[in-house]
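Student: Below is one structure. I have some questions about it.
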Amino acid sequence: MKVKKWIALGLVLVLAIGIAAGCAQKASDDSATTDSAAKPKIGISMPTQSLQRWNQDGSNMKSAFEAAGYDVDLQYAGDNDIPTQISNIENMISGNCGVLVIAAIDGGSLTEVLKTAKDANIPVIAYDRLIMNSDAVKYYATFDNTKVGNLQGTFIKDALKLDSEKGPFNIELFTGDPADNNVNFFWGGAMDILQPFIDSGVLVVPSGQTTKDQCATPSWSTEESQKRMENLISSNKYGPDGTKLDAVLSSNDSVANGITNALVTAGYTDKDFPILTGQDCDKTSVQNMLAGTQSMSVFKDTRTLADRVVKMVTSIVTGTEPEINDTETYDNGTGVIPTYLEDPQVVVKDDIQSVLIDSGYYQPADVGL
Ligand code: BGC
C-alpha cells in the first residue's frame with residue numbers, strides 16, 4: 001500500500017514537472033515569436049569592401065544590431081558596383097528584411113529599387129550618405145559633413161597662418177566622387193574657409209583647377225588621386241627643389257594616400273612635406289601621420305554611428321520618434337530628411353594614442369606602433 005502511494009505521488013510529480021516544463025517551453029516559444037515579430041530582420045547594404053571604413057561600418061553595425069537581438073543581412077556591393085548594390089537591396093526586400101540601412105554608392109541610383117521598399121512598407125535609413133529622390137528614406141544618420149570640410153579648411157588656414165601672413169601660398173584641391181552627396185558638404189565646408197583667401201590672393205591654386213568637378217576623384221580612388229597629383233606635379237613643376245607647394249586639400253584618406261604617394265615619389269620627405277588633410281583615420285593614413293607624410297585626418301568613430309542607427313531602428317520598431325538633431329540641412333529632393341549628425345574630430349599625430357588607441361579603436365600593431 002505504502003509503495004503504491006509513493007508510486008502514485010511520483011507519477012503526479014512527474015506529470016506536474018512535465019506540465020510546468022511544457023508551459024515554460026510554450027512561454028519561451030511565445031516570447032520568441034513576439035520578440036522576433038517586434039524585432040525585424042535588418043538589411044544592411046554597404047558600398048564596397050575595398051575601403052577600410054565600410055568594412056568597419058558593416059561589422060560594427062552587424063555586432064551592434066545582433067547584440068540588441070536583431071537578425072542581420074549584411075551585404076557589400078562588390079567594389080562600388082551600383083547594379084550589385086541594387087540587387088543586394090532587392091534580395092533584402094524579398095528576404096523579408098523589415099528595415100533597410102543603406103550607404104549608397106551613388107545617391108541618385110536607388111530611386112527605382114526603393115519604390116519596392118516603400119510599397120512593402122519597409123522604412124529606409126540612409127547611412128552616412130544621403131539617398132536622393134526617394135521618399136522611402138525616413139531618416140538619415142551621418143557625421144556633420146559640413147563640419148568635416150570646415151575642420152580641413154581651418155586646419156590649412158591655421159597651419160599657414162592665413163589670417164596674418166600675406167603669402168602667397170600655393171595650394172591644390174582634391175575632393176571625392178561627385179555621385180556621393182557628401183562631397184557637396186565636404187567641399188562646401190572646406191571652401192567656405194579657403195575661398196576668401198583664394199579671392200584675396202593669399203592662397204593661389206597654380207593649376208587653376210578650382211571647381212568641385214575639376215577637383216573630383218572618381219570612386220574616391222587612391223590610384224585616381226595619385227594620377228592627378230602626378231600630373232599636377234609635372235605640369236606645375238612642384239618639388240622640394242621646384243615650385244613651392246604649401247598645402248593640398250584632400251576630402252578623405254583614400255584620396256590623401258594617392259597624393260602622398262605622388263609627393264613622396266617627387267622627393268618630398270617629412271622635413272618639407274606640404275600640409276595635407278584627410279578624413280577617416282584609415283590605418284594607412286595614421287601610419288602616414290606618424291611618418292610625417294599626412295598632416296591630419298578627421299576622425300569619425302564608426303562605432304558611434306553604428307550605435308546611433310541601432311537606437312533609430314529601436315525607436316522605429318517600438319513606434320516612437322527617433323532622436324534627431326537636424327531638420328534643415330538634408331533635402332533629398334522629396335523633402336528634408338530628419339537627420340542625426342554625429343560630431344567629427346580632428347586627429348593629428350599627437351592625438352593618435354589618446355583618441356585611436358586608448359579608446360580601443362585600433363590596437364597599436366594595427367598602425368605599426
Ligand atoms: C564618407 C567618407 C569616406 C568616403 C569614401 C564618404 O561618403 O563619408 O568617410 O571616406 O565616402 O568612401
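Residues are named by chain letter and number: chains run A, B, ... in the order of the C-alpha cells, numbers start at 1 in each chain, and ligands are numbered from 1 in the order shown.
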Need the shell around Leu162 in chain A: protein/DNA/RNA residues with any atom at most 12 Å away, counting only C-alpha atoms. Skip same-chain ones fewer than 3 positions apart. Format as number ranges by chain?
Tutor: A: 153-159, 165-170, 193-198, 200-204, 246-247
Student: Using backbone DSSP assignments, extract all helix (DSSP H, G or I) residues from range 159-334 of chain A; output them as a PyMOL selection string.
Tutor: chain A and resi 159+182-200+218-220+222-236+253-265+283-291+302-317
Student: Counting only C-alpha atoms and all ligand atoms, which of A:Met229, A:Ala120, A:Ala256, A:Val286 gets nearest to ligand 1?
Tutor: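 Among A:Met229, A:Ala120, A:Ala256, A:Val286, it is A:Ala256 that comes nearest to ligand 1.
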Student: Residues near Gln52 in chain A, anyone? I mean within 9 Å using only C-alpha atoms, not counting same-chain ones fewer than 3 positions away, as a list of chain:residue names.
Tutor: A:Gln49, A:Asn55, A:Gln56, A:Asp57, A:Asp282, A:Lys283
Student: Any chance you can output those residues with C-alpha atoms as an mmCIF file, in the first residue's frame?
Tutor:
```cif
data_model
loop_
_atom_site.group_PDB
_atom_site.id
_atom_site.type_symbol
_atom_site.label_atom_id
_atom_site.label_comp_id
_atom_site.auth_asym_id
_atom_site.auth_seq_id
_atom_site.Cartn_x
_atom_site.Cartn_y
_atom_site.Cartn_z
ATOM 1 C CA GLN A 49 34.731 46.119 -49.173
ATOM 2 C CA ASN A 55 34.214 47.097 -43.568
ATOM 3 C CA GLN A 56 34.305 48.631 -40.118
ATOM 4 C CA ASP A 57 30.911 50.272 -40.526
ATOM 5 C CA ASP A 282 42.274 54.880 -42.026
ATOM 6 C CA LYS A 283 45.234 52.769 -40.959
#
```
Student: Quote the spacing between CA of Gly242 in chain A and CA of Asn288 in chain A in Å to one decimal place.
Tutor: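 Computing the Euclidean distance for CA of Gly242 in chain A and CA of Asn288 in chain A yields 23.1 Å.
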Student: Point out the residue among A:Asn236, A:Asn325, A:Thr175, A:Ser297 with the least atom-to-atom distance to Val355 in chain A, counting only C-alpha atoms.
Tutor: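 Nearest candidate to Val355 in chain A out of A:Asn236, A:Asn325, A:Thr175, A:Ser297: A:Ser297.
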Student: Name the closest residue to Asp343 in chain A among the candidates A:Thr146, A:Ser109, A:Gln209, A:Asn91; distances are taken between atoms, counting only C-alpha atoms.
Tutor: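 Going through A:Thr146, A:Ser109, A:Gln209, A:Asn91 one by one, the smallest distance to Asp343 in chain A is for A:Thr146.
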